[in-house]
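Asks: So that you have it, the file is start.txt, and it contains compact mmCIF, C-alpha atoms:
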# COMPACT_ATOMS: atom_id res chain seq x y z
CA MET A 1 105.75 98.98 63.77
CA ALA A 2 108.37 100.09 61.22
CA SER A 3 107.96 103.67 60.01
CA THR A 4 108.56 104.94 56.52
CA LEU A 5 112.01 106.42 56.05
CA ILE A 6 112.18 110.21 55.84
CA PRO A 7 114.07 111.37 52.73
CA VAL A 8 116.84 113.96 53.15
CA LEU A 9 118.64 115.31 50.08
CA PHE A 10 122.37 115.98 49.76
CA HIS A 11 123.03 117.57 46.36
CA ILE A 12 126.50 117.24 44.98
CA THR A 13 127.39 120.52 43.25
CA GLN A 14 130.64 122.10 42.09
CA ASP A 15 131.06 123.50 45.60
CA TYR A 16 131.77 119.99 46.78
CA TYR A 17 134.99 120.07 44.74
CA THR A 18 135.92 123.73 44.95
CA GLU A 19 135.12 124.72 48.55
CA LYS A 20 137.28 123.16 51.23
CA GLY A 21 135.22 121.70 54.06
CA HIS A 22 131.97 121.91 52.11
CA PHE A 23 131.19 118.24 52.69
CA TRP A 24 132.10 118.20 56.40
CA GLU A 25 130.10 121.31 57.20
CA ARG A 26 126.97 119.85 55.68
CA PHE A 27 127.61 116.41 57.13
CA MET A 28 128.07 117.81 60.64
CA SER A 29 124.93 119.91 60.25
CA ALA A 30 122.98 116.80 59.27
CA LYS A 31 124.43 114.91 62.24
CA ARG A 32 123.26 117.67 64.57
CA LEU A 33 119.84 117.95 62.93
CA TYR A 34 119.06 114.23 62.90
CA GLY A 35 121.22 113.08 65.82
CA GLY A 36 118.50 111.13 67.60
CA HIS A 37 116.84 109.95 64.42
CA THR A 38 119.61 108.57 62.23
CA GLU A 39 117.67 105.32 61.85
CA ASP A 40 114.62 107.17 60.59
CA VAL A 41 116.09 109.17 57.71
CA LEU A 42 117.09 108.13 54.21
CA ILE A 43 120.06 110.14 53.02
CA MET A 44 119.73 110.64 49.26
CA ILE A 45 123.03 111.75 47.75
CA SER A 46 121.95 113.36 44.51
CA TYR A 47 123.90 114.05 41.30
CA ARG A 48 120.96 115.84 39.75
CA PHE A 49 122.84 119.10 39.29
CA TYR A 50 126.38 117.94 38.69
CA LYS A 51 127.89 114.91 37.00
CA PRO A 52 131.48 114.65 38.19
CA ALA A 53 134.14 111.97 37.99
CA ILE A 54 134.08 110.06 41.26
CA THR A 55 137.24 110.12 43.35
CA ARG A 56 138.53 107.92 46.14
CA LYS A 57 138.06 110.81 48.56
CA GLN A 58 134.39 110.95 47.71
CA ILE A 59 133.99 107.23 48.36
CA GLU A 60 135.55 107.79 51.80
CA HIS A 61 133.00 110.53 52.41
CA PHE A 62 130.21 108.15 51.46
CA ALA A 63 131.58 105.59 53.92
CA GLU A 64 131.55 108.24 56.66
CA VAL A 65 127.94 109.13 55.87
CA LYS A 66 127.03 105.43 55.93
CA ARG A 67 128.69 104.97 59.34
CA THR A 68 126.41 107.64 60.81
CA PHE A 69 123.26 107.10 58.78
CA PRO A 70 122.37 103.45 58.12
CA HIS A 71 120.11 104.27 55.19
CA VAL A 72 121.94 105.93 52.28
CA VAL A 73 121.24 105.86 48.54
CA VAL A 74 122.70 107.61 45.51
CA VAL A 75 120.23 109.07 43.01
CA HIS A 76 120.39 110.77 39.60
CA ALA A 77 123.53 108.82 38.93
CA LYS A 78 123.08 108.66 35.17
CA GLY A 79 126.00 110.47 33.54
CA VAL A 80 128.33 110.27 36.54
CA GLN A 81 131.78 108.89 35.71
CA TRP A 82 132.13 106.17 38.30
CA ASN A 83 135.57 104.90 37.31
CA GLY A 84 134.77 101.59 38.99
CA HIS A 85 133.80 103.12 42.32
CA ASP A 86 130.11 102.23 41.92
CA ALA A 87 131.00 98.61 42.82
CA GLU A 88 132.51 99.87 46.09
CA LEU A 89 129.31 101.72 46.86
CA LYS A 90 127.28 98.58 46.31
CA GLY A 91 129.73 96.78 48.60
CA MET A 92 128.94 99.36 51.27
CA GLU A 93 125.23 98.60 50.73
CA ILE A 94 124.60 102.00 49.18
CA PRO A 95 122.22 101.43 46.25
CA VAL A 96 122.86 103.53 43.15
CA PHE A 97 119.86 104.71 41.12
CA GLU A 98 120.09 106.32 37.72
CA GLU A 99 117.04 108.47 38.29
CA GLY A 100 115.54 110.28 41.27
CA HIS A 101 112.64 109.71 43.62
CA ASN A 102 110.89 107.40 41.16
CA ALA A 103 113.93 105.17 40.80
CA GLY A 104 112.35 102.08 42.23
CA PHE A 105 111.83 102.92 45.91
CA MET B 106 134.40 141.96 37.78
CA SER B 107 131.10 141.24 39.48
CA ALA B 108 127.94 140.46 37.55
CA LEU B 109 126.51 143.81 38.60
CA GLU B 110 129.57 145.72 37.41
CA TRP B 111 129.43 143.81 34.18
CA LEU B 112 125.78 144.72 33.64
CA GLU B 113 126.42 148.39 34.41
CA GLY B 114 129.45 148.53 32.15
CA ASP B 115 129.50 149.95 28.69
CA HIS B 116 129.63 147.09 26.19
CA PRO B 117 129.94 147.18 22.48
CA ARG B 118 126.98 145.57 20.75
CA CYS B 119 127.93 142.02 19.85
CA THR B 120 126.96 140.67 16.48
CA ALA B 121 128.24 137.17 17.28
CA PRO B 122 128.68 135.19 20.53
CA CYS B 123 131.65 136.74 22.35
CA GLU B 124 133.82 135.26 25.07
CA GLU B 125 132.69 137.79 27.65
CA HIS B 126 129.02 136.95 27.10
CA GLU B 127 129.77 133.25 27.22
CA LEU B 128 131.53 133.61 30.58
CA PHE B 129 128.72 135.75 31.96
CA PHE B 130 126.00 133.28 30.99
CA LYS B 131 128.07 130.40 32.30
CA SER B 132 128.33 132.18 35.65
CA LEU B 133 124.59 132.86 35.65
CA SER B 134 123.92 129.22 34.90
CA LEU B 135 126.18 128.15 37.78
CA ILE B 136 124.42 130.51 40.19
CA ALA B 137 121.01 129.24 39.06
CA THR B 138 122.09 125.62 39.51
CA LYS B 139 123.51 126.26 42.99
CA SER B 140 120.36 128.15 43.95
CA ALA B 141 118.07 125.33 42.77
CA ALA B 142 120.22 122.74 44.56
CA PHE B 143 120.22 124.79 47.77
CA GLU B 144 116.47 125.33 47.60
CA THR B 145 115.53 121.66 47.12
CA GLU B 146 118.04 120.57 49.77
CA MET B 147 116.71 123.06 52.34
CA LEU B 148 113.12 122.09 51.57
CA SER B 149 114.01 118.43 52.12
CA HIS B 150 115.54 119.31 55.52
CA LEU B 151 112.48 121.35 56.51
CA SER B 152 110.16 118.59 55.41
CA ALA B 153 112.20 115.94 57.26
CA LEU B 154 112.32 117.98 60.47
CA GLN B 155 108.59 118.57 60.28
CA GLU B 156 107.97 114.83 59.86
CA ILE B 157 110.28 114.01 62.81
CA ALA B 158 108.42 116.56 64.96
CA ARG B 159 105.09 115.06 63.87
CA ARG B 160 106.23 111.54 64.80
CA GLU B 161 107.53 112.74 68.17
CA GLN B 162 104.18 114.42 68.81
CA VAL B 163 102.36 111.18 67.94
CA GLY B 164 104.60 109.36 70.46
CA ARG B 165 103.85 111.99 73.11
CA ASP B 166 100.12 111.74 72.40
CA ILE B 167 100.19 107.94 72.80
CA ARG B 168 102.03 108.23 76.12
CA ALA B 169 99.64 110.96 77.29
CA HIS B 170 96.64 108.81 76.43
CA LYS B 171 98.13 105.87 78.34
CA ILE B 172 98.59 108.11 81.38
CA LEU B 173 95.04 109.46 81.07
CA ASP B 174 93.70 105.89 80.82
CA GLN B 175 95.69 104.99 83.89
CA LEU B 176 94.39 107.99 85.79
CA ALA B 177 90.85 107.11 84.83
CA SER B 178 91.43 103.55 86.02
CA ILE B 179 92.86 104.73 89.36
CA GLU B 180 90.00 107.17 89.79
CA ALA B 181 87.50 104.37 89.15
CA LYS B 182 89.21 102.19 91.75
CA VAL B 183 89.39 104.96 94.34
CA GLY B 184 85.90 106.28 93.62
CA HIS B 185 84.12 103.83 95.90
CA VAL B 186 86.24 104.69 98.96
CA THR B 187 84.03 106.68 101.34
CA ASN B 188 86.72 107.70 103.83
CA GLY B 189 87.55 111.25 102.68
CA GLY B 190 91.02 111.43 104.24
CA LEU B 191 92.03 108.06 102.89
CA LYS B 192 90.66 108.92 99.46
CA ASP B 193 92.63 112.18 99.37
CA ALA B 194 95.78 110.35 100.45
CA MET B 195 95.28 107.78 97.71
CA MET B 196 94.68 110.46 95.10
CA ASP B 197 97.82 112.29 96.28
CA LEU B 198 99.75 109.12 95.58
CA VAL B 199 98.82 109.17 91.89
CA PRO B 200 101.35 111.77 90.64
CA VAL B 201 104.01 110.25 92.90
CA ILE B 202 103.43 106.84 91.33
CA LEU B 203 103.36 108.32 87.82
CA ASN B 204 106.62 110.15 88.40
CA ALA B 205 108.30 107.19 90.03
CA ARG B 206 107.41 104.73 87.32
CA GLY B 207 107.99 107.08 84.39
CA ASN B 208 105.82 107.59 81.39
CA VAL B 209 107.46 104.77 79.44
CA GLN B 210 106.57 102.17 82.04
CA VAL B 211 102.91 102.99 82.12
CA GLU B 212 101.89 99.43 81.36
CA SER B 213 103.76 97.89 84.27
CA MET B 214 102.65 100.76 86.47
CA LYS B 215 99.05 100.00 85.63
CA SER B 216 99.19 96.56 87.24
CA ARG B 217 101.24 97.89 90.17
CA ALA B 218 98.72 100.68 90.78
CA LYS B 219 95.91 98.18 90.70
CA ILE B 220 97.63 96.12 93.41
CA ILE B 221 98.32 99.21 95.56
CA THR B 222 94.76 100.45 95.15
CA ALA B 223 93.31 97.04 95.96
CA ALA B 224 95.55 96.70 99.04
CA ILE B 225 94.59 100.14 100.36
CA SER B 226 90.91 99.48 99.67
CA GLY B 227 91.16 96.11 101.43
CA ALA B 228 92.91 97.61 104.44
CA ALA B 229 90.33 100.37 104.65
CA ALA B 230 87.50 97.86 104.51
CA VAL B 231 89.06 95.71 107.26
CA GLY B 232 89.81 98.81 109.35
CA GLY B 233 86.25 100.07 108.94
CA ALA B 234 84.81 96.72 109.93
CA LEU B 235 87.14 96.55 112.96
CA ILE B 236 86.19 100.06 114.12
CA GLY B 237 82.52 99.24 113.59
CA TRP B 238 82.90 96.06 115.69
CA LEU B 239 84.76 97.93 118.48
CA LEU B 240 82.13 100.69 118.64
CA ARG B 241 79.29 98.22 118.88
Could you write out this structure as structure tokens?
Replies:
Amino acid sequence: MASTLIPVLFHITQDYYTEKGHFWERFMSAKRLYGGHTEDVLIMISYRFYKPAITRKQIEHFAEVKRTFPHVVVVHAKGVQWNGHDAELKGMEIPVFEEGHNAGF
Amino acid sequence: MSALEWLEGDHPRCTAPCEEHELFFKSLSLIATKSAAFETEMLSHLSALQEIARREQVGRDIRAHKILDQLASIEAKVGHVTNGGLKDAMMDLVPVILNARGNVQVESMKSRAKIITAAISGAAAVGGALIGWLLR
């Protein structure tokens, strides 16, 4: 029987852009925490607190997250400057939602 | 200058928004945002780990119940054996079988245990009849 996915939040804040290694530290922590359960969790990358301009580097980070965790979504995306990268996310099968938890799933 | 130093400092009373105040409130806002983000993120991790632990416990409970069912079944099969030594030997086999087959293979073990139990019971019955015939 399929179980409901367990939501896990990754907030994108200014630290993501200003602190070197911020992403990798958190990503590696998540890998360690959910190592045996990557199929069971839903990684929710949230722009609730920060609305940046998306860079190529960030798309590569998303791809890395997707390689480890099969279920990834982006939430609170309203106001983010995608610069065309949102199409790439959809290509990676990462749905983008403008709002949060109530954004249609 | 830290926020604390700034607060303790001697500041002229501002009659209009000043640059220093603006910077201070911007920093406060940034700290508040980071704090809220950290809090919700940590709570989501705690909640997720709790749910994973709960699901693992459910899995363990299911396996434990299967083993208990199996033990009850073996006990029911062995219960009618009247030879005390044989019965003890058969009961001693139970943990060995459980360990050998592993908790995951309880289902296949169940049928195997039934066969073993039936074979031992059959042999005991034949042996008993043979001894009874010889002693006659």
Asks: Using only C-alpha atoms, I'd like every residue of chain A that has an atom within 9 Å of chain B; please write them out as a list in words.
Replies: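 Result, ordered by chain then number: Ile6, Pro7, Val8, Leu9, Phe10, His11, Ile12, Thr13, Gln14, Asp15, Ala30, Leu33, Tyr34, His37, Asp40, Val41, Arg48, Phe49 and Tyr50 of chain A.
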Asks: What does the distance from atom CA of A:Thr4 to atom CA of A:Arg32 come to in Å, to one decimal?
Replies: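 According to the coordinates, atom CA of A:Thr4 and atom CA of A:Arg32 are separated by 21.0 Å.
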Asks: Leaving out A:Ala53 and any residue of its chain fewer than 3 positions from it, which residues lie within 8 Å of it when counting only C-alpha atoms, given as an MDAnalysis selection string?
Replies: chainID A and resid 80:83
Asks: Pick out the closest residue to A:Lys51 from this set: A:Pro95, A:Gly79, A:Gly84, A:Gly100. Count only C-alpha atoms.
Replies: A:Gly79
